[in-house]
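Visitor: My questions all concern the structure below.
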Amino acid sequence: MSDHQGHILIVDDTPDNLRLLSKTLSEQGYEVQCAINGKLALMAVQHQPPDLILLDIKMPEIDGYEVCERLKRQEETAAIPVIFLSALDDVFDKVKAFTVGGVDYITKPFQIEEVFARIENQLTIRRLQRQLQDKNLKLEQLNQELQRSNQELEEFAYVVSHDLQQPLQTITGFAELLLALKSEINLEEEAEEYVSPILEEGIRMQELIQNLLEYSRVGTKKRNFEPTDCQEILRKSLGHLHSAIEESRAIIASETLPTLKGDRIQLGQLFQNLIGNGIKYQRPNIQPKIVISVQEKPEEWLFRVEDNGIGIKPENFDRIFQVFQRLHTHQDYPGSGVGLAICKKIVERHQGKIWLESEWGTGTTFYFTLPKLDQGNYEKL
Ligand code: ADP
């Protein structure tokens, strides 16, 4: 309901009645609209649904009962409360008035205090109904979000426990072996063989857990969105990737990037992960080249991070955004398989989308969108 007292449509075929009611209600602060017959009333309601309708019963062509029935049949107008107006000397069927969907009636000549009281009652009910509907809708959305995050959590727990088992098995296996063979082996000479895998896998597990923690933190931290200059973010990310860029002699080219509203740290992680991957998944003997570009769309920025690396097969496009999903062994290309999962979470947290195009053996382009600075809905995040 708007900031005035309420928007009321009065329908009456007697111009004097219309004038009188309209004047009195306007003086009370209601926004008033009038219709001189049922047909015009139905058109007015379609055009601009009021908060309440005062509806005369006795009218030529379409009478008040029928207008009300028609309104109640349509989803968009069914909830508008209708108060019937009837002359004292008219034959007025109260039961029919309620059956066709009226919520109250007022008899003419009017007692103006009674009119106000009855209107206010219905407007209050309508306000409360709307509040309830809004709350229900929000609850429904929250419920769906909760169900989705529960499901994600379940899948996440499954993948994580499965993948952490692997280094643990190596650790326990070698430790058991060490115990079983303790009297037969000379630890001084053979420690390397038995203890090194334990140490290596232990370190790897620590790394995986560290990355997992990083992943889970993306969602739990309080949203800290502020105007962020992506140009600056890119500069810092390249600074962090300095040694990888030096070592691989990668060429990095970028367009001027915009300022948008986001979490600086997370946007930094996003750029760093995508550019870092572009450098890491390079083809042998080909100098890596990463191009970062951006395109302005009506409501968002479309970013591209393009590389000339090994490429990804289409059947793996979805998989690589999941935690621990890697297409290579740790020996071929070191990593934990969490980077792109973090990127996805960050982009989605900023209400954007992330996807890729790739040609196996030629290169990959990651795309992601981020809403523009002036997008109103962004504030609500
Ligand atoms: P990580 O790099 O630690 O393995 P990511 O989640 O960043 O983890 O990437 C998941 C997998 O997706 C990588 O293991 C790799 O197989 C593939 N991948 C990611 N980025 C690229 C890229 N730019 N080119 C080719 N393959 C990539």
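Each chain of the structure tokens is named A, B, ... in the order shown, its residues numbered from 1; ligands are numbered from 1 in display order.
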Please extract the residues at most 7 Å from ligand 1, counting only C-alpha atoms and all ligand atoms, and provide them as a list in words, using the chain letters and residue numbers of this document.

Guide: Asn273, Leu274, Asn277, Gly278, Tyr281, Asp307, Gly309, Ile310, Gly311, Ile312, Ile320, Phe321, Val323, Phe324, Gln325, Arg326, Leu327, His328, Pro334, Gly335, Ser336, Gly337, Val338, Gly339, Leu340, Ala341, Gly363 and Thr364 of chain A

Visitor: Taking 4 positions as the minimum chain separation for residues in the same chain, which residues sit within 10 Å of segment 110-118 of chain A when counting only C-alpha atoms? Answer as a PyMOL selection string.

Guide: chain A and resi 17+21+24-25+28+54+83+85-88+103-106+122-123

Visitor: Write a file of the just-selected residues containing C-alpha atoms, as an mmCIF file, in the first residue's frame.

Guide:
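Ended up saving to out-v2.cif:
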```
data_model
loop_
_atom_site.group_PDB
_atom_site.id
_atom_site.type_symbol
_atom_site.label_atom_id
_atom_site.label_comp_id
_atom_site.auth_asym_id
_atom_site.auth_seq_id
_atom_site.Cartn_x
_atom_site.Cartn_y
_atom_site.Cartn_z
ATOM 1 C CA ASN A 17 -23.248 10.235 -4.624
ATOM 2 C CA LEU A 21 -18.172 10.432 -1.289
ATOM 3 C CA THR A 24 -15.210 13.489 1.745
ATOM 4 C CA LEU A 25 -12.725 10.656 1.295
ATOM 5 C CA GLN A 28 -9.470 12.467 4.693
ATOM 6 C CA LEU A 54 -16.887 0.917 -2.671
ATOM 7 C CA ILE A 83 -17.664 -2.914 0.339
ATOM 8 C CA LEU A 85 -23.209 0.435 -1.152
ATOM 9 C CA SER A 86 -26.963 -0.016 -1.035
ATOM 10 C CA ALA A 87 -29.853 2.408 -0.637
ATOM 11 C CA LEU A 88 -31.944 1.814 2.450
ATOM 12 C CA VAL A 103 -16.510 -8.099 2.768
ATOM 13 C CA ASP A 104 -18.936 -5.503 4.151
ATOM 14 C CA TYR A 105 -21.781 -3.185 3.183
ATOM 15 C CA ILE A 106 -22.854 0.388 3.895
ATOM 16 C CA GLN A 122 -10.871 -3.330 5.592
ATOM 17 C CA LEU A 123 -7.709 -1.407 4.743
#
```

Visitor: Name all residues at most 8 Å from segment 59-63 of chain A (count only C-alpha atoms; drop same-chain ones fewer than 2 positions away) and give them as a tab-separated table (two decimals) with N, CA, C and O atoms, in the first residue's frame.

Guide:
```tsv
chain	number	residue	atom	x	y	z
A	12	ASP	N	-20.46	4.09	-8.61
A	12	ASP	CA	-21.85	4.45	-8.34
A	12	ASP	C	-22.40	5.14	-9.58
A	12	ASP	O	-21.70	5.96	-10.18
A	13	ASP	N	-23.63	4.78	-9.97
A	13	ASP	CA	-24.17	5.41	-11.19
A	13	ASP	C	-24.86	6.75	-10.90
A	13	ASP	O	-25.38	7.38	-11.80
A	37	ASN	N	-20.08	3.39	-13.92
A	37	ASN	CA	-20.79	2.12	-14.13
A	37	ASN	C	-19.84	0.93	-13.97
A	37	ASN	O	-18.61	1.11	-13.85
A	38	GLY	N	-20.45	-0.27	-14.02
A	38	GLY	CA	-19.67	-1.48	-13.76
A	38	GLY	C	-18.56	-1.71	-14.76
A	38	GLY	O	-17.45	-2.11	-14.41
A	39	LYS	N	-18.86	-1.42	-16.03
A	39	LYS	CA	-17.89	-1.68	-17.09
A	39	LYS	C	-16.63	-0.82	-16.88
A	39	LYS	O	-15.48	-1.32	-16.95
A	56	ASP	N	-21.52	0.25	-5.65
A	56	ASP	CA	-22.98	0.35	-5.62
A	56	ASP	C	-23.57	-0.94	-6.19
A	56	ASP	O	-23.01	-1.53	-7.12
A	57	ILE	N	-24.70	-1.36	-5.63
A	57	ILE	CA	-25.26	-2.63	-6.11
A	57	ILE	C	-26.15	-2.40	-7.33
A	57	ILE	O	-25.99	-3.04	-8.36
A	65	TYR	N	-23.24	-6.83	-7.89
A	65	TYR	CA	-22.95	-8.24	-7.59
A	65	TYR	C	-22.05	-8.84	-8.69
A	65	TYR	O	-21.09	-9.54	-8.43
A	66	GLU	N	-22.44	-8.52	-9.95
A	66	GLU	CA	-21.70	-9.13	-11.06
A	66	GLU	C	-20.27	-8.58	-11.16
A	66	GLU	O	-19.33	-9.33	-11.42
A	67	VAL	N	-20.16	-7.25	-10.93
A	67	VAL	CA	-18.80	-6.66	-10.95
A	67	VAL	C	-17.93	-7.39	-9.94
A	67	VAL	O	-16.80	-7.80	-10.21
```

Visitor: Write out as a tab-separated table a residue-level contact list of segment 227-273 of chain A versus segment 286-302 of chain A with cut-off 12 Å: for each qualifying residue the closest pair of atoms and the distance in Å to one decimal, counting only C-alpha atoms, rows sorted by chain and residue number upward.

Guide:
```
residue	atom	partner	partner_atom	distance
A:Cys230	CA	A:Val294	CA	10.6
A:Gln231	CA	A:Ile292	CA	10.7
A:Leu234	CA	A:Ile292	CA	9.4
A:Arg235	CA	A:Ile292	CA	11.9
A:Leu238	CA	A:Ile290	CA	11.4
A:Ala244	CA	A:Pro288	CA	10.9
A:Ile245	CA	A:Pro288	CA	9.0
A:Glu246	CA	A:Pro288	CA	11.1
A:Glu247	CA	A:Gln287	CA	10.7
A:Ser248	CA	A:Pro288	CA	7.1
A:Arg249	CA	A:Gln287	CA	6.6
A:Ala250	CA	A:Pro288	CA	4.7
A:Ile251	CA	A:Lys289	CA	4.7
A:Ile252	CA	A:Ile290	CA	4.9
A:Ala253	CA	A:Val291	CA	4.8
A:Ser254	CA	A:Ile292	CA	4.5
A:Glu255	CA	A:Ser293	CA	5.2
A:Thr256	CA	A:Ser293	CA	7.9
A:Leu257	CA	A:Val294	CA	6.7
A:Pro258	CA	A:Val294	CA	8.3
A:Thr259	CA	A:Trp301	CA	10.0
A:Leu260	CA	A:Trp301	CA	8.8
A:Lys261	CA	A:Glu300	CA	11.1
A:Phe271	CA	A:Ile292	CA	9.4
A:Gln272	CA	A:Ile292	CA	11.7
```

Visitor: Give the strand (DSSP E or B) residues of segment 182-361 of chain A, as DSSP finds them on the backbone, and put them as a ChimeraX atom specification.

Guide: /A:226-229,251-254,259-262,289-296,300-307,354-359

Visitor: Would you compute the distance between atom CA of Ile209 of chain A and atom CA of Ser161 of chain A? Give it in Å to one decimal.

Guide: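 Separation of atom CA of Ile209 of chain A and atom CA of Ser161 of chain A: 10.9 Å.
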
Visitor: Could you tell me how far atom CA of Leu267 of chain A lies from atom CA of Glu348 of chain A, in Å and to one decimal?

Guide: 11.6 Å

Visitor: Please compute the atom CA of Ser243 of chain A-atom CA of Lys280 of chain A distance, one decimal, in Å.

Guide: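 Atom-to-atom, atom CA of Ser243 of chain A to atom CA of Lys280 of chain A, that is 11.8 Å.
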
Visitor: Write down as a ChimeraX atom specification the residues of segment 252-323 of chain A whose backbone DSSP state falls under alpha helix (DSSP H).

Guide: /A:264-280

Visitor: Restricted to all heavy atoms, what would the selected residues look like written as a compact mmCIF listing (two decimals), in the first residue's frame?

Guide:
```txt
# COMPACT_ATOMS: atom_id res chain seq x y z
N ARG A 264 36.67 -6.58 -1.88
CA ARG A 264 38.02 -6.43 -2.47
C ARG A 264 38.82 -7.71 -2.41
O ARG A 264 39.44 -8.13 -3.37
CB ARG A 264 38.83 -5.42 -1.66
CG ARG A 264 38.53 -4.03 -1.96
CD ARG A 264 39.08 -3.14 -0.87
NE ARG A 264 38.41 -1.86 -1.00
CZ ARG A 264 38.83 -0.90 -1.81
NH1 ARG A 264 39.91 -1.06 -2.51
NH2 ARG A 264 38.16 0.21 -1.94
N ILE A 265 38.83 -8.30 -1.21
CA ILE A 265 39.69 -9.47 -1.00
C ILE A 265 39.23 -10.61 -1.90
O ILE A 265 40.01 -11.27 -2.56
CB ILE A 265 39.68 -9.87 0.48
CG1 ILE A 265 40.24 -8.69 1.26
CG2 ILE A 265 40.44 -11.16 0.73
CD1 ILE A 265 40.46 -8.91 2.70
N GLN A 266 37.90 -10.80 -1.93
CA GLN A 266 37.39 -11.91 -2.73
C GLN A 266 37.58 -11.68 -4.22
O GLN A 266 37.90 -12.61 -4.96
CB GLN A 266 35.92 -12.13 -2.40
CG GLN A 266 35.76 -12.65 -0.98
CD GLN A 266 34.34 -13.02 -0.64
OE1 GLN A 266 33.43 -12.75 -1.41
NE2 GLN A 266 34.16 -13.62 0.51
N LEU A 267 37.38 -10.44 -4.67
CA LEU A 267 37.59 -10.18 -6.10
C LEU A 267 39.07 -10.39 -6.44
O LEU A 267 39.41 -10.87 -7.53
CB LEU A 267 37.12 -8.77 -6.47
CG LEU A 267 35.60 -8.56 -6.37
CD1 LEU A 267 35.22 -7.15 -6.78
CD2 LEU A 267 34.84 -9.56 -7.24
N GLY A 268 39.94 -10.06 -5.50
CA GLY A 268 41.38 -10.30 -5.69
C GLY A 268 41.64 -11.79 -5.86
O GLY A 268 42.36 -12.22 -6.77
N GLN A 269 41.00 -12.60 -4.98
CA GLN A 269 41.16 -14.07 -5.06
C GLN A 269 40.69 -14.58 -6.43
O GLN A 269 41.31 -15.45 -7.03
CB GLN A 269 40.27 -14.73 -4.01
CG GLN A 269 40.96 -15.07 -2.70
CD GLN A 269 39.92 -15.60 -1.73
OE1 GLN A 269 38.90 -14.95 -1.48
NE2 GLN A 269 40.16 -16.77 -1.19
N LEU A 270 39.57 -14.00 -6.88
CA LEU A 270 38.97 -14.43 -8.16
C LEU A 270 39.96 -14.20 -9.31
O LEU A 270 40.26 -15.12 -10.09
CB LEU A 270 37.68 -13.62 -8.36
CG LEU A 270 36.93 -13.79 -9.66
CD1 LEU A 270 36.40 -15.20 -9.81
CD2 LEU A 270 35.74 -12.81 -9.73
N PHE A 271 40.46 -12.98 -9.43
CA PHE A 271 41.40 -12.67 -10.50
C PHE A 271 42.66 -13.53 -10.39
O PHE A 271 43.16 -14.07 -11.37
CB PHE A 271 41.79 -11.18 -10.47
CG PHE A 271 40.76 -10.30 -11.12
CD1 PHE A 271 39.93 -9.49 -10.36
CD2 PHE A 271 40.60 -10.28 -12.50
CE1 PHE A 271 38.98 -8.68 -10.95
CE2 PHE A 271 39.65 -9.48 -13.10
CZ PHE A 271 38.83 -8.67 -12.33
N GLN A 272 43.15 -13.63 -9.14
CA GLN A 272 44.40 -14.36 -8.94
C GLN A 272 44.26 -15.84 -9.32
O GLN A 272 45.12 -16.40 -9.98
CB GLN A 272 44.81 -14.22 -7.47
CG GLN A 272 46.26 -14.57 -7.26
CD GLN A 272 46.68 -14.29 -5.84
OE1 GLN A 272 46.28 -13.28 -5.25
NE2 GLN A 272 47.47 -15.18 -5.26
N ASN A 273 43.13 -16.45 -8.91
CA ASN A 273 42.94 -17.87 -9.23
C ASN A 273 42.85 -18.09 -10.74
O ASN A 273 43.46 -19.01 -11.29
CB ASN A 273 41.66 -18.41 -8.58
CG ASN A 273 41.83 -18.64 -7.10
OD1 ASN A 273 42.93 -18.54 -6.58
ND2 ASN A 273 40.74 -18.91 -6.40
N LEU A 274 42.06 -17.23 -11.42
CA LEU A 274 41.86 -17.45 -12.86
C LEU A 274 43.14 -17.18 -13.65
O LEU A 274 43.51 -17.96 -14.53
CB LEU A 274 40.71 -16.57 -13.37
CG LEU A 274 39.32 -16.92 -12.84
CD1 LEU A 274 38.26 -15.98 -13.41
CD2 LEU A 274 38.95 -18.36 -13.19
N ILE A 275 43.82 -16.09 -13.31
CA ILE A 275 45.06 -15.77 -14.04
C ILE A 275 46.14 -16.80 -13.68
O ILE A 275 46.87 -17.28 -14.54
CB ILE A 275 45.53 -14.33 -13.73
CG1 ILE A 275 44.45 -13.34 -14.16
CG2 ILE A 275 46.85 -14.02 -14.42
CD1 ILE A 275 44.66 -11.93 -13.66
N GLY A 276 46.18 -17.16 -12.39
CA GLY A 276 47.16 -18.15 -11.94
C GLY A 276 46.98 -19.47 -12.68
O GLY A 276 47.94 -20.09 -13.12
N ASN A 277 45.71 -19.88 -12.88
CA ASN A 277 45.45 -21.13 -13.63
C ASN A 277 45.91 -20.98 -15.07
O ASN A 277 46.46 -21.91 -15.66
CB ASN A 277 43.96 -21.46 -13.61
CG ASN A 277 43.56 -22.19 -12.34
OD1 ASN A 277 44.43 -22.58 -11.56
ND2 ASN A 277 42.27 -22.37 -12.14
N GLY A 278 45.64 -19.81 -15.65
CA GLY A 278 46.04 -19.56 -17.04
C GLY A 278 47.54 -19.74 -17.21
O GLY A 278 48.01 -20.25 -18.23
N ILE A 279 48.27 -19.30 -16.21
CA ILE A 279 49.74 -19.43 -16.28
C ILE A 279 50.15 -20.89 -16.03
O ILE A 279 50.99 -21.45 -16.70
CB ILE A 279 50.42 -18.52 -15.22
CG1 ILE A 279 50.05 -17.05 -15.50
CG2 ILE A 279 51.92 -18.73 -15.21
CD1 ILE A 279 50.48 -16.10 -14.40
N LYS A 280 49.47 -21.49 -15.01
CA LYS A 280 49.88 -22.85 -14.60
C LYS A 280 49.60 -23.90 -15.69
O LYS A 280 50.44 -24.73 -15.99
CB LYS A 280 49.14 -23.22 -13.31
CG LYS A 280 49.46 -24.59 -12.78
CD LYS A 280 49.05 -24.76 -11.31
CE LYS A 280 47.57 -24.74 -11.08
NZ LYS A 280 47.20 -25.10 -9.71
```

Visitor: Tell me which of A:Ser216, A:Thr329, A:Asn121, A:Asn316 sits closest to Glu357 of chain A, counting only C-alpha atoms.

Guide: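 For Glu357 of chain A, the nearest of the given residues is A:Asn316.
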
Visitor: Pick the closest to Gln322 of chain A from A:Phe156, A:Asp263, A:Pro197, A:Phe303: which is it, counting only C-alpha atoms?

Guide: A:Phe156

Visitor: Quick one: everything within 12 Å of Val195 of chain A, counting only C-alpha atoms, minus sequence neighbours fewer than 5 positions away in the same chain. Send it as a ChimeraX atom specification.

Guide: /A:170-179,187-190,200-202
